$ cat model.txt   # compact mmCIF, C-alpha atoms and all ligand atoms
# COMPACT_ATOMS: atom_id res chain seq x y z
CA MET M 1086 -36.51 -64.93 -98.69
CA ARG M 1087 -37.41 -68.53 -97.88
CA GLU M 1088 -37.92 -67.58 -94.23
CA PHE M 1089 -40.41 -64.95 -95.40
CA GLU M 1090 -42.50 -67.61 -97.15
CA LEU M 1091 -42.26 -69.94 -94.15
CA MET M 1092 -43.77 -67.33 -91.82
CA ASN M 1093 -47.23 -68.44 -93.01
CA TYR M 1094 -46.74 -71.83 -91.38
CA LEU M 1095 -45.34 -71.03 -87.92
CA ASP M 1096 -47.00 -72.26 -84.74
CA ARG M 1097 -50.00 -70.15 -83.70
CA ARG M 1098 -48.55 -69.61 -80.22
CA ILE M 1099 -45.65 -67.62 -81.69
CA PHE M 1100 -48.13 -65.28 -83.38
CA ARG M 1101 -50.46 -64.93 -80.39
CA GLU M 1102 -47.85 -64.41 -77.69
CA THR M 1103 -45.75 -61.92 -79.68
CA ALA M 1104 -48.89 -59.95 -80.64
CA LYS M 1105 -49.95 -59.87 -76.99
CA GLU M 1106 -46.58 -58.48 -75.94
CA ARG M 1107 -46.36 -55.89 -78.69
CA PHE M 1108 -49.88 -54.50 -78.31
CA THR M 1109 -49.69 -54.53 -74.52
CA LYS M 1110 -46.76 -52.14 -74.82
CA LEU M 1111 -48.61 -50.04 -77.42
CA ASP M 1112 -51.73 -49.64 -75.26
CA HIS M 1113 -51.42 -45.84 -75.08
CA ASP M 1114 -49.53 -44.95 -78.26
CA TYR M 1115 -50.98 -47.13 -81.01
CA ILE M 1116 -53.03 -44.48 -82.81
CA TYR M 1117 -50.47 -41.75 -82.18
CA LYS M 1118 -47.71 -43.83 -83.76
CA LYS M 1119 -49.81 -44.84 -86.75
CA PHE M 1120 -50.77 -41.22 -87.40
CA ASN M 1121 -47.21 -39.92 -87.09
CA GLU M 1122 -45.16 -42.75 -88.50
CA GLU M 1123 -47.05 -44.89 -91.03
CA GLU M 1124 -50.30 -43.43 -92.16
CA PHE M 1125 -51.55 -46.31 -94.33
CA PRO M 1126 -53.27 -48.18 -91.45
CA ILE M 1127 -55.29 -45.04 -90.76
CA GLU M 1128 -56.13 -44.58 -94.44
CA GLY M 1129 -57.18 -48.23 -94.61
CA ASN M 1130 -59.49 -47.88 -91.63
CA ASN M 1131 -60.92 -44.71 -93.14
CA LEU M 1132 -61.67 -46.63 -96.34
CA LEU M 1133 -63.33 -49.43 -94.36
CA SER M 1134 -65.49 -46.76 -92.72
CA SER M 1135 -66.67 -45.60 -96.15
CA TYR M 1136 -67.66 -49.21 -96.91
CA ILE M 1137 -69.61 -49.34 -93.63
CA PHE M 1138 -71.32 -46.09 -94.64
CA LYS M 1139 -72.41 -47.67 -97.93
CA PHE M 1140 -73.81 -50.71 -96.11
CA LEU M 1141 -75.70 -48.46 -93.66
CA GLU M 1142 -77.13 -46.39 -96.51
CA ASP M 1143 -78.19 -49.47 -98.51
CA ASN M 1144 -79.88 -51.00 -95.44
CA TYR M 1145 -81.05 -47.78 -93.83
CA GLU M 1146 -84.78 -48.48 -93.58
CA TYR M 1147 -84.19 -51.92 -92.08
CA LEU M 1148 -81.56 -50.68 -89.61
CA LYS M 1149 -83.73 -47.74 -88.57
CA ARG M 1150 -86.49 -50.15 -87.57
CA LYS M 1151 -84.14 -52.37 -85.54
CA ASN M 1152 -83.94 -51.79 -81.79
CA GLU M 1153 -80.24 -52.38 -81.73
CA ILE M 1154 -77.31 -52.56 -84.14
CA ILE M 1155 -74.46 -54.80 -83.01
CA LEU M 1156 -70.94 -53.91 -84.10
CA VAL M 1157 -67.97 -56.14 -83.26
CA ASP M 1158 -64.37 -55.00 -83.76
CA ILE M 1159 -61.96 -57.93 -83.63
CA GLY M 1160 -58.37 -56.97 -82.76
CA ALA M 1161 -59.21 -53.50 -81.48
CA ALA M 1162 -55.78 -52.61 -79.95
CA GLY M 1163 -55.32 -49.53 -77.74
CA GLY M 1164 -57.83 -46.87 -78.81
CA ALA M 1165 -59.89 -49.11 -81.12
CA LEU M 1166 -58.90 -47.29 -84.31
CA THR M 1167 -61.14 -49.41 -86.57
CA THR M 1168 -64.15 -48.70 -84.36
CA ILE M 1169 -63.39 -44.96 -84.21
CA PHE M 1170 -63.78 -44.76 -87.99
CA ALA M 1171 -66.92 -46.90 -87.85
CA LEU M 1172 -68.39 -44.41 -85.34
CA LYS M 1173 -68.02 -41.71 -87.98
CA ALA M 1174 -70.13 -43.68 -90.49
CA LEU M 1175 -72.80 -44.55 -87.88
CA ASN M 1176 -72.95 -41.01 -86.56
CA SER M 1177 -73.38 -39.41 -89.97
CA LEU M 1178 -76.56 -41.46 -90.49
CA LYS M 1179 -77.73 -40.96 -86.90
CA LEU M 1180 -77.53 -44.66 -86.14
CA LEU M 1181 -74.85 -44.46 -83.47
CA GLU M 1182 -77.10 -44.15 -80.43
CA LYS M 1183 -78.68 -47.55 -80.94
CA THR M 1184 -75.37 -49.27 -81.71
CA LYS M 1185 -73.94 -51.73 -79.22
CA ILE M 1186 -70.15 -51.77 -79.55
CA ILE M 1187 -68.18 -54.90 -78.72
CA LEU M 1188 -64.39 -54.91 -78.70
CA VAL M 1189 -62.28 -58.06 -78.79
CA ASP M 1190 -58.55 -58.42 -78.34
CA VAL M 1191 -56.04 -60.85 -76.89
CA ALA M 1192 -54.06 -58.01 -75.25
CA LYS M 1193 -55.89 -57.26 -71.99
CA GLN M 1194 -53.93 -54.08 -71.27
CA ALA M 1195 -54.83 -52.61 -74.68
CA LEU M 1196 -58.53 -53.18 -73.92
CA TYR M 1197 -58.23 -51.72 -70.44
CA SER M 1198 -56.50 -48.56 -71.70
CA THR M 1199 -59.24 -48.16 -74.31
CA GLN M 1200 -61.99 -48.59 -71.73
CA VAL M 1201 -60.58 -45.97 -69.37
CA GLY M 1202 -59.60 -43.56 -72.18
CA ASN M 1203 -55.90 -43.83 -71.50
CA PHE M 1204 -54.74 -43.44 -75.09
CA ASN M 1205 -53.44 -40.59 -77.16
CA LEU M 1206 -55.86 -38.86 -79.58
CA THR M 1207 -54.35 -35.67 -80.95
CA LYS M 1208 -56.23 -32.62 -82.23
CA GLU M 1209 -54.36 -33.03 -85.54
CA PHE M 1210 -55.63 -36.58 -85.97
CA ILE M 1211 -59.20 -35.49 -85.17
CA ALA M 1212 -58.99 -32.57 -87.62
CA VAL M 1213 -57.34 -34.44 -90.52
CA TYR M 1214 -59.87 -37.29 -90.40
CA ASN M 1215 -62.98 -35.14 -89.86
CA LEU M 1216 -63.80 -36.55 -86.45
CA GLY M 1217 -64.59 -33.12 -84.99
CA ASP M 1218 -68.25 -34.07 -84.35
CA PHE M 1219 -66.89 -36.07 -81.40
CA GLY M 1220 -65.12 -33.05 -79.87
CA SER M 1221 -61.86 -31.47 -81.00
CA ASN M 1222 -59.92 -33.62 -78.51
CA GLY M 1223 -61.97 -36.80 -79.08
CA LYS M 1224 -63.74 -36.54 -75.71
CA ASP M 1225 -66.96 -38.12 -77.03
CA ILE M 1226 -65.06 -40.96 -78.71
CA LYS M 1227 -63.54 -41.88 -75.35
CA SER M 1228 -66.91 -41.63 -73.67
CA ILE M 1229 -68.55 -43.94 -76.25
CA LEU M 1230 -65.70 -46.46 -75.99
CA SER M 1231 -65.90 -46.45 -72.20
CA LYS M 1232 -69.44 -47.87 -72.52
CA ALA M 1233 -68.50 -50.63 -74.98
CA LYS M 1234 -68.46 -54.31 -74.06
CA TYR M 1235 -64.98 -55.82 -73.85
CA TYR M 1236 -63.84 -59.37 -74.43
CA CYS M 1237 -60.27 -60.40 -73.82
CA SER M 1238 -60.32 -63.40 -76.14
CA ASP M 1239 -58.42 -65.16 -78.86
CA LEU M 1240 -60.18 -64.34 -82.10
CA LEU M 1241 -59.88 -67.97 -83.18
CA LYS M 1242 -62.47 -68.89 -80.57
CA LEU M 1243 -64.80 -65.96 -80.09
CA PRO M 1244 -67.17 -66.04 -77.10
CA GLN M 1245 -70.21 -68.26 -77.74
CA ASP M 1246 -72.66 -65.50 -76.82
CA LEU M 1247 -71.45 -63.36 -79.73
CA LYS M 1248 -74.07 -63.80 -82.43
CA ASP M 1249 -76.44 -61.92 -84.76
CA VAL M 1250 -73.80 -59.28 -85.40
CA ASP M 1251 -74.81 -56.59 -87.90
CA ILE M 1252 -71.34 -55.18 -88.53
CA CYS M 1253 -68.32 -57.42 -88.04
CA ILE M 1254 -64.98 -55.71 -88.69
CA THR M 1255 -61.33 -56.47 -88.26
CA GLY M 1256 -58.54 -54.03 -89.07
CA PHE M 1257 -54.91 -55.06 -89.63
CA THR M 1258 -55.30 -58.15 -87.47
CA HIS M 1259 -55.33 -61.30 -89.61
CA HIS M 1260 -51.69 -60.75 -90.60
CA HIS M 1261 -50.97 -61.69 -86.96
CA LEU M 1262 -52.14 -65.25 -87.73
CA ASN M 1263 -50.62 -68.16 -89.61
CA LEU M 1264 -52.28 -69.29 -92.83
CA LEU M 1265 -54.48 -72.02 -91.33
CA ASP M 1266 -55.61 -69.71 -88.55
CA LYS M 1267 -56.48 -66.93 -91.00
CA GLU M 1268 -59.08 -69.30 -92.42
CA LEU M 1269 -60.40 -70.18 -88.94
CA ALA M 1270 -60.63 -66.47 -88.13
CA CYS M 1271 -62.71 -65.82 -91.26
CA LYS M 1272 -65.02 -68.70 -90.33
CA GLU M 1273 -65.48 -67.22 -86.85
CA MET M 1274 -66.45 -63.89 -88.40
CA GLU M 1275 -69.01 -65.69 -90.56
CA ARG M 1276 -70.33 -67.64 -87.56
CA ILE M 1277 -71.10 -64.58 -85.44
CA THR M 1278 -72.52 -62.38 -88.22
CA ARG M 1279 -76.25 -62.47 -89.02
CA GLU M 1280 -77.54 -63.23 -92.50
CA ASN M 1281 -77.09 -60.16 -94.72
CA GLY M 1282 -74.82 -58.59 -92.10
CA PHE M 1283 -71.63 -56.69 -92.97
CA ILE M 1284 -68.22 -58.36 -92.87
CA GLY M 1285 -65.31 -56.01 -93.53
CA ILE M 1286 -61.57 -56.49 -93.50
CA VAL M 1287 -58.62 -54.22 -93.99
CA ASP M 1288 -55.17 -55.77 -93.74
CA GLU M 1289 -51.54 -55.37 -94.53
CA SER M 1290 -49.82 -57.11 -97.43
CA LEU M 1291 -46.09 -56.38 -97.43
CA ASN M 1292 -43.59 -57.98 -99.76
CA TYR M 1293 -40.20 -59.21 -98.58
CA LYS M 1294 -38.43 -55.90 -99.25
CA GLN M 1295 -41.09 -53.80 -97.50
CA TYR M 1296 -41.17 -56.18 -94.55
CA THR M 1297 -37.40 -56.20 -93.95
CA LYS M 1298 -37.38 -52.39 -94.18
CA TRP M 1299 -40.18 -52.25 -91.59
CA LEU M 1300 -38.28 -54.61 -89.28
CA LYS M 1301 -35.17 -52.42 -89.45
CA GLN M 1302 -37.17 -49.28 -88.75
CA HIS M 1303 -38.87 -50.83 -85.72
CA LYS M 1304 -35.88 -52.66 -84.26
CA ASN M 1305 -35.43 -50.33 -81.29
CA GLU M 1306 -38.97 -48.97 -81.06
CA THR M 1307 -40.00 -47.61 -77.66
CA ASN M 1308 -43.32 -46.47 -76.20
CA PHE M 1309 -44.17 -43.30 -74.25
CA ARG M 1310 -42.96 -45.01 -71.05
CA ASN M 1311 -39.63 -45.53 -72.81
CA GLU M 1312 -40.05 -49.31 -72.79
CA LEU M 1313 -38.88 -51.38 -75.72
CA VAL M 1314 -41.78 -52.46 -77.96
CA PRO M 1315 -41.10 -55.95 -79.32
CA ILE M 1316 -41.86 -56.98 -82.89
CA ALA M 1317 -44.79 -59.38 -83.39
CA GLN M 1318 -44.68 -62.33 -85.77
CA GLU M 1319 -46.51 -61.54 -89.02
CA SER M 1320 -47.60 -63.35 -92.18
CA PHE M 1321 -49.07 -61.84 -95.35
CA ILE M 1322 -51.43 -62.99 -98.08
CA THR M 1323 -53.04 -61.19 -101.01
CA LEU M 1324 -56.49 -59.65 -101.25
CA ASP M 1325 -57.85 -62.49 -103.38
CA GLU M 1326 -56.32 -65.15 -101.15
CA HIS M 1327 -57.97 -63.50 -98.15
CA ILE M 1328 -61.36 -63.35 -99.87
CA SER M 1329 -61.07 -67.04 -100.78
CA LEU M 1330 -60.89 -67.98 -97.07
CA PHE M 1331 -64.55 -67.03 -96.65
CA SER M 1332 -67.19 -69.52 -97.68
CA SER M 1333 -70.40 -67.55 -97.25
CA ILE M 1334 -69.94 -63.91 -98.17
CA VAL M 1335 -70.79 -62.05 -101.34
CA VAL M 1336 -68.09 -59.43 -101.84
CA ILE M 1337 -69.42 -55.97 -102.66
CA ASN M 1338 -66.29 -53.78 -102.84
CA LYS M 1339 -62.57 -54.38 -102.74
CA MET M 1340 -59.46 -52.26 -103.04
CA ASN M 1341 -55.78 -53.07 -103.30
CA SER M 1342 -52.92 -50.64 -102.70
CA LYS M 1343 -49.17 -51.11 -102.36
CA LYS M 1344 -49.18 -51.97 -98.67
CA TYR M 1345 -52.74 -52.92 -97.77
CA TYR M 1346 -56.07 -54.11 -99.10
CA CYS M 1347 -59.66 -53.72 -97.98
CA PHE M 1348 -62.88 -55.53 -98.84
CA TRP M 1349 -66.38 -56.03 -97.56
CA GLY M 1350 -69.24 -58.31 -98.26
CA VAL M 1351 -72.54 -59.51 -96.89
CA LYS M 1352 -72.97 -62.83 -95.14
CA LYS M 1353 -75.22 -65.22 -97.06
C1 LIG H 1401 -52.24 -54.07 -85.64
S1 LIG H 1401 -53.41 -54.13 -84.34
C2 LIG H 1401 -54.86 -53.55 -85.16
C3 LIG H 1401 -55.54 -52.38 -84.46
C4 LIG H 1401 -56.64 -51.70 -85.26
N1 LIG H 1401 -57.75 -52.59 -85.47
C5 LIG H 1401 -56.16 -51.16 -86.57
O1 LIG H 1401 -56.78 -51.41 -87.60
O2 LIG H 1401 -55.19 -50.42 -86.62
C6 LIG H 1401 -53.76 -55.87 -84.22
C7 LIG H 1401 -54.50 -56.26 -82.94
O3 LIG H 1401 -54.92 -57.62 -83.05
C8 LIG H 1401 -54.71 -58.25 -81.79
N2 LIG H 1401 -54.53 -59.69 -82.01
C9 LIG H 1401 -53.51 -60.32 -82.63
N3 LIG H 1401 -53.69 -61.64 -82.62
C10 LIG H 1401 -54.85 -61.87 -81.96
C11 LIG H 1401 -55.57 -63.04 -81.61
N4 LIG H 1401 -55.12 -64.25 -81.92
N5 LIG H 1401 -56.74 -62.90 -80.95
C12 LIG H 1401 -57.22 -61.66 -80.61
N6 LIG H 1401 -56.56 -60.52 -80.91
C13 LIG H 1401 -55.39 -60.61 -81.59
C14 LIG H 1401 -53.46 -57.59 -81.24
O4 LIG H 1401 -53.35 -57.74 -79.84
C15 LIG H 1401 -53.65 -56.14 -81.69
O5 LIG H 1401 -54.28 -55.39 -80.70

$ encode --input "model.txt" --output "structure tokens"
Amino acid sequence: MREFELMNYLDRRIFRETAKERFTKLDHDYIYKKFNEEEFPIEGNNLLSSYIFKFLEDNYEYLKRKNEIILVDIGAAGGALTTIFALKALNSLKLLEKTKIILVDVAKQALYSTQVGNFNLTKEFIAVYNLGDFGSNGKDIKSILSKAKYYCSDLLKLPQDLKDVDICITGFTHHHLNLLDKELACKEMERITRENGFIGIVDESLNYKQYTKWLKQHKNETNFRNELVPIAQESFITLDEHISLFSSIVVINKMNSKKYYCFWGVKK
């Protein structure tokens, strides 16, 4: 139990290197595994998409006049699940065509597989989450992602040229950081987002019992190449603790469930 509490204070290199290894191995299977094995990350990203939709609706006239909408997904992983759900919100308001998509991750292989469309999107996933406008096999999603801009970068030091972002999102990523770095990551999101831009987070918050159960279930996890997928170091905080790490957002909506939470706000 004590070890569980200490996880928040481990060296950042342990978090970064173990995340890199895990998500390199999950380059092709990430979405497939989430859909088939633990649906809450997909539900959480779907909820975040509904928050993006609300932001787009509230700011529709302004966004329609803009030449370009910049969306940044930090911690995209193979297949950019968080962005896929954001595409749904943008597409339903016909704002997708003018959106520049930027994907950031520390795992180079996960980005590469996303760029070349080498990841598993099943017809069931597309049907259950109403993504059929992008083709029943997700062909258009892969085509859109192939044109995105990719940065292989640590999210604690995002590229300097990232700025004036309209929609800054991160899904299930900050729990791969220690407590001090979670705060730095939130500051980086605030730095790159324009005034009145959207900042949205969905993340995992497991208690000790849930976490040990998860570790047991994933002990011998393999990928589609039959390689062992290592566990990454994790650390969890609550919804309100996460919100308190931001210094310049006004929170508009928040939601807490047993395993995850989601919130969004506008940068002031
Ligand atoms: C659990 S996946 C999240 C994927 C997707 N956004 C979602 O919501 O399901 C976390 C991703 O964050 C990336 N990541 C972890 N630590 C990072 C860091 N310090 N800098 C950049 N990316 C990081 C991992 O490589 C991984 O691809």

$ atom_distance --input "model.txt" --atom1 "CA of Phe1283 in chain M" --atom2 "CA of Leu1111 in chain M"
28.6 Å

$ atom_distance --input "model.txt" --atom1 "atom C3 of ligand LIG 1401 (chain H)" --atom2 "CA of Glu1142 in chain M"
25.4 Å

$ residues_near_ligand --input "model.txt" --ligand "ligand LIG 1401 (chain H)" --cutoff "7 Å" --atoms "all atoms listed in the file" --output "MDAnalysis selection string"
chainID M and resid 1100:1101 1104:1105 1108 1126:1127 1130 1159:1163 1165:1167 1189:1192 1195 1238:1241 1255:1258 1261:1262

$ write_last_selection --input "model.txt" --atoms "C-alpha atoms" --output "PDB file, in the frame of the given file"
ATOM      1  CA  PHE M1100     -48.130 -65.280 -83.380  1.00  0.00           C
ATOM      2  CA  ARG M1101     -50.460 -64.930 -80.390  1.00  0.00           C
ATOM      3  CA  ALA M1104     -48.890 -59.950 -80.640  1.00  0.00           C
ATOM      4  CA  LYS M1105     -49.950 -59.870 -76.990  1.00  0.00           C
ATOM      5  CA  PHE M1108     -49.880 -54.500 -78.310  1.00  0.00           C
ATOM      6  CA  PRO M1126     -53.270 -48.180 -91.450  1.00  0.00           C
ATOM      7  CA  ILE M1127     -55.290 -45.040 -90.760  1.00  0.00           C
ATOM      8  CA  ASN M1130     -59.490 -47.880 -91.630  1.00  0.00           C
ATOM      9  CA  ILE M1159     -61.960 -57.930 -83.630  1.00  0.00           C
ATOM     10  CA  GLY M1160     -58.370 -56.970 -82.760  1.00  0.00           C
ATOM     11  CA  ALA M1161     -59.210 -53.500 -81.480  1.00  0.00           C
ATOM     12  CA  ALA M1162     -55.780 -52.610 -79.950  1.00  0.00           C
ATOM     13  CA  GLY M1163     -55.320 -49.530 -77.740  1.00  0.00           C
ATOM     14  CA  ALA M1165     -59.890 -49.110 -81.120  1.00  0.00           C
ATOM     15  CA  LEU M1166     -58.900 -47.290 -84.310  1.00  0.00           C
ATOM     16  CA  THR M1167     -61.140 -49.410 -86.570  1.00  0.00           C
ATOM     17  CA  VAL M1189     -62.280 -58.060 -78.790  1.00  0.00           C
ATOM     18  CA  ASP M1190     -58.550 -58.420 -78.340  1.00  0.00           C
ATOM     19  CA  VAL M1191     -56.040 -60.850 -76.890  1.00  0.00           C
ATOM     20  CA  ALA M1192     -54.060 -58.010 -75.250  1.00  0.00           C
ATOM     21  CA  ALA M1195     -54.830 -52.610 -74.680  1.00  0.00           C
ATOM     22  CA  SER M1238     -60.320 -63.400 -76.140  1.00  0.00           C
ATOM     23  CA  ASP M1239     -58.420 -65.160 -78.860  1.00  0.00           C
ATOM     24  CA  LEU M1240     -60.180 -64.340 -82.100  1.00  0.00           C
ATOM     25  CA  LEU M1241     -59.880 -67.970 -83.180  1.00  0.00           C
ATOM     26  CA  THR M1255     -61.330 -56.470 -88.260  1.00  0.00           C
ATOM     27  CA  GLY M1256     -58.540 -54.030 -89.070  1.00  0.00           C
ATOM     28  CA  PHE M1257     -54.910 -55.060 -89.630  1.00  0.00           C
ATOM     29  CA  THR M1258     -55.300 -58.150 -87.470  1.00  0.00           C
ATOM     30  CA  HIS M1261     -50.970 -61.690 -86.960  1.00  0.00           C
ATOM     31  CA  LEU M1262     -52.140 -65.250 -87.730  1.00  0.00           C
TER      32      LEU M1262
END

$ residues_around --input "model.txt" --residues "range 1087-1095 of chain M" --least-positions-apart "6" --cutoff "10 Å" --atoms "all atoms listed in the file" --output "list in words"
His1260, His1261, Leu1262, Asn1263, Leu1264, Leu1265, Asp1266, Lys1267, Asn1292, Tyr1293, Tyr1296, Thr1297, Gln1318, Glu1319, Ser1320, Phe1321 and Ile1322 of chain M

$ residues_around --input "model.txt" --residues "range 1153-1158 of chain M" --least-positions-apart "3" --cutoff "10 Å" --atoms "all atoms listed in the file" --output "ChimeraX atom specification"
/M:1148-1150,1161-1162,1165-1168,1171-1172,1175,1180-1190,1233-1235,1247-1256,1274,1277-1279,1282-1285

$ atom_distance --input "model.txt" --atom1 "CA of Lys1352 in chain M" --atom2 "CA of Gly1164 in chain M"
27.4 Å

$ build_atoms --input "model.txt" --residues "range 1258-1288 of chain M" --atoms "N, CA and C atoms" --output "JSON list (two decimals), in the frame of the given file"
[["chain", "number", "residue", "atom", "x", "y", "z"],
["M", 1258, "THR", "N", -55.42, -57.13, -88.52],
["M", 1258, "THR", "CA", -55.30, -58.15, -87.47],
["M", 1258, "THR", "C", -54.96, -59.54, -88.02],
["M", 1259, "HIS", "N", -55.55, -59.92, -89.14],
["M", 1259, "HIS", "CA", -55.33, -61.30, -89.61],
["M", 1259, "HIS", "C", -53.88, -61.55, -90.04],
["M", 1260, "HIS", "N", -53.11, -60.49, -90.27],
["M", 1260, "HIS", "CA", -51.69, -60.75, -90.60],
["M", 1260, "HIS", "C", -50.90, -61.13, -89.33],
["M", 1261, "HIS", "N", -51.58, -61.17, -88.19],
["M", 1261, "HIS", "CA", -50.97, -61.69, -86.96],
["M", 1261, "HIS", "C", -51.35, -63.15, -86.74],
["M", 1262, "LEU", "N", -51.74, -63.84, -87.82],
["M", 1262, "LEU", "CA", -52.14, -65.25, -87.73],
["M", 1262, "LEU", "C", -51.42, -66.05, -88.80],
["M", 1263, "ASN", "N", -51.18, -67.32, -88.55],
["M", 1263, "ASN", "CA", -50.62, -68.16, -89.61],
["M", 1263, "ASN", "C", -51.72, -68.48, -90.63],
["M", 1264, "LEU", "N", -51.34, -69.11, -91.71],
["M", 1264, "LEU", "CA", -52.28, -69.29, -92.83],
["M", 1264, "LEU", "C", -53.52, -70.10, -92.45],
["M", 1265, "LEU", "N", -53.33, -71.19, -91.71],
["M", 1265, "LEU", "CA", -54.48, -72.02, -91.33],
["M", 1265, "LEU", "C", -55.41, -71.24, -90.40],
["M", 1266, "ASP", "N", -54.80, -70.47, -89.50],
["M", 1266, "ASP", "CA", -55.61, -69.71, -88.55],
["M", 1266, "ASP", "C", -56.33, -68.53, -89.21],
["M", 1267, "LYS", "N", -55.77, -68.01, -90.28],
["M", 1267, "LYS", "CA", -56.48, -66.93, -91.00],
["M", 1267, "LYS", "C", -57.84, -67.47, -91.46],
["M", 1268, "GLU", "N", -57.82, -68.72, -91.94],
["M", 1268, "GLU", "CA", -59.08, -69.30, -92.42],
["M", 1268, "GLU", "C", -60.06, -69.50, -91.26],
["M", 1269, "LEU", "N", -59.53, -69.99, -90.12],
["M", 1269, "LEU", "CA", -60.40, -70.18, -88.94],
["M", 1269, "LEU", "C", -61.00, -68.84, -88.49],
["M", 1270, "ALA", "N", -60.17, -67.80, -88.56],
["M", 1270, "ALA", "CA", -60.63, -66.47, -88.13],
["M", 1270, "ALA", "C", -61.76, -65.97, -89.03],
["M", 1271, "CYS", "N", -61.65, -66.24, -90.32],
["M", 1271, "CYS", "CA", -62.71, -65.82, -91.26],
["M", 1271, "CYS", "C", -63.99, -66.60, -90.97],
["M", 1272, "LYS", "N", -63.84, -67.88, -90.65],
["M", 1272, "LYS", "CA", -65.02, -68.70, -90.33],
["M", 1272, "LYS", "C", -65.70, -68.18, -89.05],
["M", 1273, "GLU", "N", -64.90, -67.77, -88.08],
["M", 1273, "GLU", "CA", -65.48, -67.22, -86.85],
["M", 1273, "GLU", "C", -66.26, -65.94, -87.14],
["M", 1274, "MET", "N", -65.73, -65.12, -88.03],
["M", 1274, "MET", "CA", -66.45, -63.89, -88.40],
["M", 1274, "MET", "C", -67.79, -64.25, -89.05],
["M", 1275, "GLU", "N", -67.76, -65.26, -89.91],
["M", 1275, "GLU", "CA", -69.01, -65.69, -90.56],
["M", 1275, "GLU", "C", -69.99, -66.27, -89.54],
["M", 1276, "ARG", "N", -69.46, -66.99, -88.57],
["M", 1276, "ARG", "CA", -70.33, -67.64, -87.56],
["M", 1276, "ARG", "C", -71.10, -66.60, -86.75],
["M", 1277, "ILE", "N", -70.44, -65.52, -86.36],
["M", 1277, "ILE", "CA", -71.10, -64.58, -85.44],
["M", 1277, "ILE", "C", -71.96, -63.53, -86.17],
["M", 1278, "THR", "N", -71.80, -63.43, -87.48],
["M", 1278, "THR", "CA", -72.52, -62.38, -88.22],
["M", 1278, "THR", "C", -73.88, -62.90, -88.68],
["M", 1279, "ARG", "N", -74.90, -62.06, -88.58],
["M", 1279, "ARG", "CA", -76.25, -62.47, -89.02],
["M", 1279, "ARG", "C", -76.31, -62.52, -90.55],
["M", 1280, "GLU", "N", -77.33, -63.20, -91.05],
["M", 1280, "GLU", "CA", -77.54, -63.23, -92.50],
["M", 1280, "GLU", "C", -77.71, -61.80, -93.02],
["M", 1281, "ASN", "N", -77.08, -61.50, -94.10],
["M", 1281, "ASN", "CA", -77.09, -60.16, -94.72],
["M", 1281, "ASN", "C", -76.37, -59.09, -93.90],
["M", 1282, "GLY", "N", -75.63, -59.54, -92.87],
["M", 1282, "GLY", "CA", -74.82, -58.59, -92.10],
["M", 1282, "GLY", "C", -73.53, -58.25, -92.85],
["M", 1283, "PHE", "N", -72.86, -57.22, -92.34],
["M", 1283, "PHE", "CA", -71.63, -56.69, -92.97],
["M", 1283, "PHE", "C", -70.40, -57.39, -92.41],
["M", 1284, "ILE", "N", -69.54, -57.87, -93.29],
["M", 1284, "ILE", "CA", -68.22, -58.36, -92.87],
["M", 1284, "ILE", "C", -67.18, -57.54, -93.62],
["M", 1285, "GLY", "N", -66.29, -56.88, -92.87],
["M", 1285, "GLY", "CA", -65.31, -56.01, -93.53],
["M", 1285, "GLY", "C", -63.92, -56.22, -92.97],
["M", 1286, "ILE", "N", -62.97, -56.23, -93.88],
["M", 1286, "ILE", "CA", -61.57, -56.49, -93.50],
["M", 1286, "ILE", "C", -60.65, -55.48, -94.17],
["M", 1287, "VAL", "N", -59.73, -54.95, -93.39],
["M", 1287, "VAL", "CA", -58.62, -54.22, -93.99],
["M", 1287, "VAL", "C", -57.36, -54.85, -93.41],
["M", 1288, "ASP", "N", -56.38, -55.11, -94.26],
["M", 1288, "ASP", "CA", -55.17, -55.77, -93.74],
["M", 1288, "ASP", "C", -53.95, -55.41, -94.58]]
